[in-house]
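To start, the structure under review is shown below, and the notes come after it.
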Amino acid sequence: MSVIAEICEPLAVLGQEVEVPLASGDKVGYAALDYAASAPALARVWEDVAAYAPYYGSVHRGAGYLSQLSTDLFEQSRRTVAEFLELRAGDQVVFTRATTDSLNLLAGAVPVGTEVFAFETEHHASLLPWRREGLTVRYLRAPRSHGEAVAALEEALLGAAEGPKLFCVTGASNVTGELWPVRELTEVAHRYGARVVLDAAQLAPHHRVSVRELDVDWIAFSGHKLYAPFGAGVLAGRADWLDAAEPYLAGGGASRTVARELDGSVAVEWHTGPARHEAGSPNVIGAYAIASACRALTEAGFDALEARERSLVAKLTEGLAGIPEVRVLSLFGEDSDRVGVVSFVVRGWNSSHFSAALSAEYGIGVRDGLFCAHPLVRTLLGGEDAAPGECGAPEPSLPGERSLNAIRVSFGAGTPVEHLDRFLTAVRDLVTDGARWSYRNEGGRCVATEQIDRGRQR
């Protein structure tokens, strides 16, 4: 038995038995290595949702039994998430659609005149929402170490004007998987009167996250990356800015009272608390799925899950390091701690072409492109053009650039060791012998078209 298997067995997830067609017409078990985009649903989550589904009803104000049961389940899900995140007394949990939705909600609640700080290395979901009237955004250059990141933030805040300030930071990069020094950055931010929002989309599925310990003001994450489907997310943290802001969506549920005025206008009194930003019929199944995932991960034990993942990361990075043509992308250096997310390029290959071959010839699903973090990937690639290939990069390039893209492999609590073994074997095979098929671009996708000799030049 391997050291990895002795540490912890993978959690049961849906799709482990799914077979997919290869270009040859054969079928093979699918190796899902794109967890950073959407993780497969935990079997436990699916079972919990299936058990509740017959009792599904409208949430809030319904007099019927199913409505009351659904309301209780929805609010209990909120409490479960609060416990999972170890929130402080007075913190709120607002259910949203995903991390992007959560951060846009917060951006709308930030007081006018706030100066927002973010490193250019952020995912677009935490890089772009602050670009709105009334806010000033300062983007900090990509740091090359934890110490450089902390120093850069302190320097920026030292020169900031008086007034409200907000710092947005990722917990783990969606490109490199590297962990950021969130606690140290938060200490600096608070020293200069800045609040902190943590993008935990890639951190929460892999590591225990305590708002109390990290001392961040808000945290955002997505259910679909936490092994919970159905399109829900979370924004949790301090209530004051959220309660002072106009509702994210105007409508039923957000309003406490609505009355017609004598002059023909309509007067509205809005709720405070989570309801203020949850207008409309809430996604009770999505919220319940998140709560179920929180319980499942907590019961599995993050110590065991993290130990297993560290072993998988070591196996992957050591395997890739043994292939001279492969360059793993990193901000903080090859020894930096990371979650199960690794991006790389292969000399002589266009990343889109390489990823297509992994899928069509080996049944392995990874991601290629710029991963909705264009400034970061361009920094990591150093401006180098991708190698020409039979299929180009799906992301648009800057003027003067031929093509920039990379390959991302990502995994988590449900990943079998065999999937990484198969992936490493496939990478070595493609690098050594080339693809078995030729490919062309069809509607932005690389599609296998014709079988070729392995020794034929790509």
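Labels used: A, B, ... for chains in the order of the structure tokens, numbers from 1 for residues in each chain, and numbers from 1 for ligands as shown.
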
Could you name the residues that touch Ser351 (chain A) at 7 Å or less, counting only C-alpha atoms, but leaving out those on the same chain fewer than 5 positions away, as number ranges by chain?
A: 345, 368, 405-407

Could the residues in this selection be saved with N, CA, C and O atoms as a CSV table (one decimal), in the first residue's frame?
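Final output, saved to again-v9.csv:
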```
chain,number,residue,atom,x,y,z
A,345,VAL,N,3.8,24.7,-18.6
A,345,VAL,CA,3.9,24.7,-20.0
A,345,VAL,C,4.9,23.6,-20.5
A,345,VAL,O,5.7,23.2,-19.7
A,368,ASP,N,-6.8,24.5,-20.0
A,368,ASP,CA,-5.7,25.3,-20.6
A,368,ASP,C,-6.3,26.7,-20.9
A,368,ASP,O,-7.5,27.0,-21.0
A,405,ASN,N,-0.7,30.8,-23.4
A,405,ASN,CA,-1.6,29.9,-22.6
A,405,ASN,C,-0.8,28.9,-21.9
A,405,ASN,O,0.4,28.7,-22.2
A,406,ALA,N,-1.4,28.3,-20.9
A,406,ALA,CA,-0.7,27.3,-20.0
A,406,ALA,C,-1.7,26.2,-19.8
A,406,ALA,O,-2.9,26.2,-20.2
A,407,ILE,N,-1.2,25.1,-19.1
A,407,ILE,CA,-2.1,23.9,-18.8
A,407,ILE,C,-2.2,23.9,-17.3
A,407,ILE,O,-1.2,24.1,-16.5
```

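Atom to atom, CA of Phe117 (chain A) and CA of Thr136 (chain A) stand 8.6 Å apart.
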
Please identify every residue of region 73-114 of chain A that has at least one atom no farther than 10 Å from an atom of region 262-273 of chain A, counting only C-alpha atoms, and for each give the shortest atom pair and the distance in Å to one decimal, arranged by chain then increasing number, as CSV.
```
residue,atom,partner,partner_atom,distance
A:Gly90,CA,A:Gly273,CA,9.8
A:Asp91,CA,A:Gly273,CA,9.4
A:Gln92,CA,A:Gly273,CA,6.9
A:Val93,CA,A:Gly273,CA,8.7
A:Val94,CA,A:Gly273,CA,8.4
```

If we count only C-alpha atoms, what is near region 33-42 of chain A at a cut-off of 7 Å, once residues fewer than 2 positions away on the same chain are taken out, given as a list of chain:residue names?
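Listed by chain and then number, they are A:Ala12, A:Val13, A:Leu14, A:Ala31, A:Arg44, A:Val45, A:Trp46, A:Asn174, A:Gln202, A:His224, A:Lys225, A:Leu226, A:Tyr227, A:Ala228, A:Pro229, A:Val341, A:Ile364, A:Gly365, A:Val366, A:Arg367, A:Val409, A:Ser410, A:Phe411, A:Gly412.
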
Keeping C-alpha atoms for every residue in the selection just given, could you write it to a file as a compact mmCIF listing (two decimals), in the first residue's frame?
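Once everything was written out, this is out36.txt:
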```
# COMPACT_ATOMS: atom_id res chain seq x y z
CA ALA A 12 -16.46 9.37 -2.51
CA VAL A 13 -17.46 11.71 -5.33
CA LEU A 14 -19.85 11.37 -8.25
CA ALA A 31 -9.68 11.21 -14.91
CA ARG A 44 -22.60 12.51 0.67
CA VAL A 45 -23.84 15.87 -0.63
CA TRP A 46 -25.82 14.23 -3.41
CA ASN A 174 -6.24 29.50 -8.90
CA GLN A 202 -9.50 27.77 -3.95
CA HIS A 224 -19.26 24.32 -6.89
CA LYS A 225 -15.58 24.28 -5.89
CA LEU A 226 -16.45 22.86 -2.44
CA TYR A 227 -17.96 19.64 -3.87
CA ALA A 228 -21.47 21.15 -3.74
CA PRO A 229 -23.35 21.68 -7.04
CA VAL A 341 -3.50 23.24 -8.30
CA ILE A 364 -7.84 13.06 -18.85
CA GLY A 365 -9.61 16.36 -18.24
CA VAL A 366 -7.44 19.39 -17.46
CA ARG A 367 -7.76 23.08 -18.33
CA VAL A 409 -4.06 20.28 -13.50
CA SER A 410 -6.09 20.42 -10.29
CA PHE A 411 -7.38 17.83 -7.85
CA GLY A 412 -8.72 17.38 -4.35
```

Determine, counting only C-alpha atoms, which protein, DNA and RNA residues have an atom within 9 Å of an atom of Val197 (chain A); residues of the same chain fewer than 6 positions away are not included. Present the result as a list in words.
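In the requested form, the answer reads Leu103, Leu106, Leu166, Phe167, Cys168, Val169, Thr170, Val216, Asp217, Trp218, Ile219, Ala220 and Gly237 of chain A.
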
Return the single residue from A:Val377, A:Val18, A:Ala357, A:Ala413 that is closest to Ala300 (chain A), with distances computed using only C-alpha atoms.
A:Ala413

Quick one: DSSP helix (DSSP H, G or I) residues in region 167-370 of chain A, as an MDAnalysis selection string?
chainID A and resid 182:191 211:214 223:225 240:244 274:277 284:300 302:321 351:362

Would you list the contacts of Ala109 (chain A) as a list in words, taking every protein, DNA or RNA residue within 10 Å and counting only C-alpha atoms, but skipping same-chain residues closer than 3 positions in sequence?
Leu103, Asn104, Leu105, Leu106, Val112, Asp240, Trp241, Leu242, Asp243, Ala244, Ala245, Glu246, Pro247 and Tyr248 of chain A

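As for CA of Phe230 (chain A) and CA of Thr415 (chain A), they are spaced 21.1 Å apart.
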
Per residue of region 252-350 of chain A within 8 Å of region 84-87 of chain A, note the shortest atom pair and the distance in Å to one decimal, counting only C-alpha atoms, and order the rows by chain and increasing residue number, as a Markdown table.
```
| residue | atom | partner | partner_atom | distance |
| --- | --- | --- | --- | --- |
| A:Cys294 | CA | A:Phe84 | CA | 6.1 |
| A:Arg295 | CA | A:Phe84 | CA | 7.7 |
| A:Thr298 | CA | A:Phe84 | CA | 7.6 |
```

Of the listed residues A:His123, A:Pro54, A:Glu278, A:Asp72, that which approaches Leu370 (chain A) most closely, counting only C-alpha atoms
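For Leu370 (chain A), the nearest of the candidates is A:His123.
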
Contacts of Tyr288 (chain A) at 9 Å or less, counting only C-alpha atoms, minus same-chain residues fewer than 2 places along, as a PyMOL selection string?
chain A and resi 45+48-49+73-74+76-78+228+283-286+290-293

Run DSSP on the backbone and give me the residues of region 186-417 of chain A it puts in strand (DSSP E), as a PyMOL selection string.
chain A and resi 194-199+218-222+233-237+255-260+266-270+326-328+341-346+364-365+367-369+406-410

Could you tell me how far CA of Ser70 (chain A) lies from CA of Asp101 (chain A), in Å and to one decimal?
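These atoms are spaced 23.4 Å apart.
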
Closest of A:Gly113, A:Gly301, A:Gly57, A:Gly363 to Leu69 (chain A) - atom-to-atom distances counting only C-alpha atoms
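With only C-alpha atoms as the atom set, the closest residue is A:Gly57.
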
I need the residue nearest Arg212 (chain A) from this list: A:Arg238, A:Ala161, A:Glu155, A:Leu424. Use only C-alpha atoms for the distance.
A:Arg238

Leaving out Asp215 (chain A) and any residue of its chain fewer than 4 positions from it, which residues lie within 9 Å of it when counting only C-alpha atoms, given as a ChimeraX atom specification?
/A:183,186-187,196,210-211
